[in-house]
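Everything on this sheet refers to the single structure shown next.
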Amino acid sequence: MACLNPAQLRKFQEDGFLVLEGFLSADECVAMQQRIGEIVAEMDVPLHCRTEFSTQEEEQLRAQGSTDYFLSSGDKIRFFFEKGVFDKKGNFLVPPEKAINKIGHVSSHQDASFLYTEPLGRVLGMWIALEDATLENGCLWFIPGSHTSGVARRMVRAPAGSVPGTSFLGSEPARDNSLFVPTPVQRGALVLIHGEVVHKSEPNLSDRSRQAYTFHLMEASGTIWSPENWLQPTAELPFPPLYT
């Protein structure tokens, strides 16, 4: 974050998130969308692996948290879908490219609940809008300052062979929806997300897509990546260093 000026850094520290408009050019966004389109066109997801993505505890334990398709997705390209896009047999009710929630790996959550480190606060979310993100098509919402409240629950791996494959420690507190602030951004914007800030996005019920590219960074120095996290590096694909 050395590239941030003092005012930007102060705002990130106060709010737990920061919008940087114009991080990518329109041409760069188009190039990424074209590559995503190629990946989706080649998608072949078996019926039993067509998983609806959720951050809700009960839905996770019943669906993606209990499947090897989810737990082994860290070093592979895997697809997770919106709710209501399959019939009872797992067939698509909408075009597949309109059904995807996440590739790789719509409720409020903290990233640190799923990517836990000791000490806390060492995970940074990078969320890049490849299309305009508006109130209508599902922009991000934040509770400013909520990154100072700690983490109330953690999603952890269950012992090998257990069903379901994950469980939760602690419980998610009730949150006042009036505290959430919408954060619409233009194509090419980068949103920096503190690992403990509470955020969400509403379901996109509009006729406009809202593609975004997102990943996480961890400060490796002096940080312990929890061996209980669902996401674990592998020998084939360890976490790549940003700086060497």
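Chain labels run A, B, ... following the order of the structure tokens; each chain numbers its residues from 1, and ligands are numbered from 1 in the order shown.
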
(message) Taking only region 104-221 of chain A into account, list the residues labelled strand (DSSP E or B) by DSSP (computed from the backbone), as an MDAnalysis selection string.
(response) chainID A and resid 109 117:118 123:129 133 140:142 153:157 166:170 181:183 185 190:194 199:201 212:218

(request) Determine the nearest neighbour of Pro203 (chain A) from the options A:Leu124, A:Met43, A:Leu135, A:Ala112, counting only C-alpha atoms. (result)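 Nearest candidate to Pro203 (chain A) out of A:Leu124, A:Met43, A:Leu135, A:Ala112: A:Leu135.
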
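Residue nearest Asp176 (chain A), chosen from A:Phe142, A:Tyr243, A:Tyr213, A:Phe114 and counting only C-alpha atoms: A:Phe142.
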
(request) Could you tell me how far CA of Ser178 (chain A) lies from CA of His147 (chain A), in Å and to one decimal? (result)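 The value is 17.0 Å.
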
(request) Mind checking which residues fall within 12 Å of Glu202 (chain A), counting only C-alpha atoms, ignoring those fewer than 2 positions away in the same chain, and posting them as a PyMOL selection string? (result) chain A and resi 82+101+106-108+133-142+177+180+182-183+199-200+204-206+210

(message) From the options A:Glu38, A:Asp27, A:Glu196, A:Glu236, which residue's atoms come nearest to His109 (chain A), counting only C-alpha atoms?
(response)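 Checking each candidate against His109 (chain A), we get A:Glu196 as the closest.
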
(request) Considering only C-alpha atoms, return as a ChimeraX atom specification whatever protein or nucleic-acid residues lie within 8 Å of Ala129 (chain A), sequence-local ones (same chain, fewer than 5 positions apart) excluded. (result) /A:185-190,210-213

What does the file look like for those residues with C-alpha atoms, as a PDB file, in the first residue's frame?
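Below is the file result-v9.pdb, written as the result:
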ATOM      1  CA  VAL A 185     -17.918   2.245  -8.874  1.00  0.00           C
ATOM      2  CA  GLN A 186     -17.065   2.611 -12.543  1.00  0.00           C
ATOM      3  CA  ARG A 187     -15.413   0.032 -14.774  1.00  0.00           C
ATOM      4  CA  GLY A 188     -11.708  -0.283 -13.952  1.00  0.00           C
ATOM      5  CA  ALA A 189     -12.015   0.743 -10.301  1.00  0.00           C
ATOM      6  CA  LEU A 190     -10.107  -1.143  -7.602  1.00  0.00           C
ATOM      7  CA  ARG A 210     -21.536  -7.007 -13.142  1.00  0.00           C
ATOM      8  CA  GLN A 211     -18.290  -8.818 -13.742  1.00  0.00           C
ATOM      9  CA  ALA A 212     -15.437  -8.330 -11.303  1.00  0.00           C
ATOM     10  CA  TYR A 213     -11.980  -9.815 -10.776  1.00  0.00           C
TER      11      TYR A 213
END

(message) For a quick check of understanding, using only C-alpha atoms, which of A:Pro144, A:Gly84, A:Gly222, A:Gly121 has the smallest distance to Glu14 (chain A)?
(response) A:Pro144

(message) Env of Gly145 (chain A): 12 Å cut, atoms = only C-alpha atoms, seq-sep filter 4 positions within chain, self excluded. Answer as a PyMOL selection string.
(response) chain A and resi 10-18+149-150+179-181+193-199

Keeping only N, CA and C atoms, write the selected residues to a file as a PDB file, in the first residue's frame.
ATOM      1  N   ARG A  10      -5.205   7.009   5.322  1.00  0.00           N
ATOM      2  CA  ARG A  10      -5.992   7.330   6.515  1.00  0.00           C
ATOM      3  C   ARG A  10      -7.445   6.894   6.340  1.00  0.00           C
ATOM      4  N   LYS A  11      -8.001   7.115   5.157  1.00  0.00           N
ATOM      5  CA  LYS A  11      -9.391   6.715   4.906  1.00  0.00           C
ATOM      6  C   LYS A  11      -9.532   5.197   4.952  1.00  0.00           C
ATOM      7  N   PHE A  12      -8.566   4.471   4.382  1.00  0.00           N
ATOM      8  CA  PHE A  12      -8.618   3.012   4.438  1.00  0.00           C
ATOM      9  C   PHE A  12      -8.551   2.538   5.886  1.00  0.00           C
ATOM     10  N   GLN A  13      -7.676   3.135   6.664  1.00  0.00           N
ATOM     11  CA  GLN A  13      -7.531   2.724   8.059  1.00  0.00           C
ATOM     12  C   GLN A  13      -8.791   3.029   8.865  1.00  0.00           C
ATOM     13  N   GLU A  14      -9.493   4.111   8.526  1.00  0.00           N
ATOM     14  CA  GLU A  14     -10.703   4.481   9.252  1.00  0.00           C
ATOM     15  C   GLU A  14     -11.909   3.646   8.834  1.00  0.00           C
ATOM     16  N   ASP A  15     -12.078   3.455   7.518  1.00  0.00           N
ATOM     17  CA  ASP A  15     -13.287   2.799   6.998  1.00  0.00           C
ATOM     18  C   ASP A  15     -13.137   1.296   6.825  1.00  0.00           C
ATOM     19  N   GLY A  16     -11.922   0.834   6.565  1.00  0.00           N
ATOM     20  CA  GLY A  16     -11.714  -0.582   6.288  1.00  0.00           C
ATOM     21  C   GLY A  16     -11.851  -0.929   4.814  1.00  0.00           C
ATOM     22  N   PHE A  17     -12.044   0.078   3.960  1.00  0.00           N
ATOM     23  CA  PHE A  17     -12.087  -0.133   2.517  1.00  0.00           C
ATOM     24  C   PHE A  17     -11.743   1.181   1.832  1.00  0.00           C
ATOM     25  N   LEU A  18     -11.360   1.083   0.559  1.00  0.00           N
ATOM     26  CA  LEU A  18     -10.981   2.280  -0.185  1.00  0.00           C
ATOM     27  C   LEU A  18     -11.211   2.033  -1.660  1.00  0.00           C
ATOM     28  N   SER A 149     -13.865  -4.574  14.913  1.00  0.00           N
ATOM     29  CA  SER A 149     -14.670  -5.348  15.870  1.00  0.00           C
ATOM     30  C   SER A 149     -14.219  -6.792  16.027  1.00  0.00           C
ATOM     31  N   GLY A 150     -13.208  -7.222  15.262  1.00  0.00           N
ATOM     32  CA  GLY A 150     -12.747  -8.596  15.357  1.00  0.00           C
ATOM     33  C   GLY A 150     -13.586  -9.553  14.523  1.00  0.00           C
ATOM     34  N   LEU A 179     -26.747   0.121   8.624  1.00  0.00           N
ATOM     35  CA  LEU A 179     -25.353   0.520   8.759  1.00  0.00           C
ATOM     36  C   LEU A 179     -24.569   0.346   7.457  1.00  0.00           C
ATOM     37  N   PHE A 180     -25.094  -0.452   6.529  1.00  0.00           N
ATOM     38  CA  PHE A 180     -24.387  -0.701   5.279  1.00  0.00           C
ATOM     39  C   PHE A 180     -24.462   0.522   4.363  1.00  0.00           C
ATOM     40  N   VAL A 181     -23.333   0.837   3.743  1.00  0.00           N
ATOM     41  CA  VAL A 181     -23.227   1.965   2.820  1.00  0.00           C
ATOM     42  C   VAL A 181     -22.920   1.419   1.432  1.00  0.00           C
ATOM     43  N   ILE A 193     -10.104  -3.988   0.290  1.00  0.00           N
ATOM     44  CA  ILE A 193     -11.012  -4.476   1.332  1.00  0.00           C
ATOM     45  C   ILE A 193     -10.205  -5.063   2.485  1.00  0.00           C
ATOM     46  N   HIS A 194     -10.278  -4.446   3.633  1.00  0.00           N
ATOM     47  CA  HIS A 194      -9.640  -4.979   4.843  1.00  0.00           C
ATOM     48  C   HIS A 194     -10.254  -6.334   5.164  1.00  0.00           C
ATOM     49  N   GLY A 195      -9.439  -7.273   5.604  1.00  0.00           N
ATOM     50  CA  GLY A 195      -9.918  -8.625   5.839  1.00  0.00           C
ATOM     51  C   GLY A 195     -11.000  -8.748   6.893  1.00  0.00           C
ATOM     52  N   GLU A 196     -11.140  -7.746   7.763  1.00  0.00           N
ATOM     53  CA  GLU A 196     -12.131  -7.842   8.834  1.00  0.00           C
ATOM     54  C   GLU A 196     -13.335  -6.930   8.637  1.00  0.00           C
ATOM     55  N   VAL A 197     -13.364  -6.131   7.559  1.00  0.00           N
ATOM     56  CA  VAL A 197     -14.498  -5.245   7.365  1.00  0.00           C
ATOM     57  C   VAL A 197     -15.706  -6.043   6.867  1.00  0.00           C
ATOM     58  N   VAL A 198     -16.882  -5.737   7.386  1.00  0.00           N
ATOM     59  CA  VAL A 198     -18.108  -6.435   6.995  1.00  0.00           C
ATOM     60  C   VAL A 198     -18.595  -5.850   5.676  1.00  0.00           C
ATOM     61  N   HIS A 199     -18.843  -6.723   4.698  1.00  0.00           N
ATOM     62  CA  HIS A 199     -19.299  -6.263   3.392  1.00  0.00           C
ATOM     63  C   HIS A 199     -20.217  -7.303   2.761  1.00  0.00           C
TER      64      HIS A 199
END
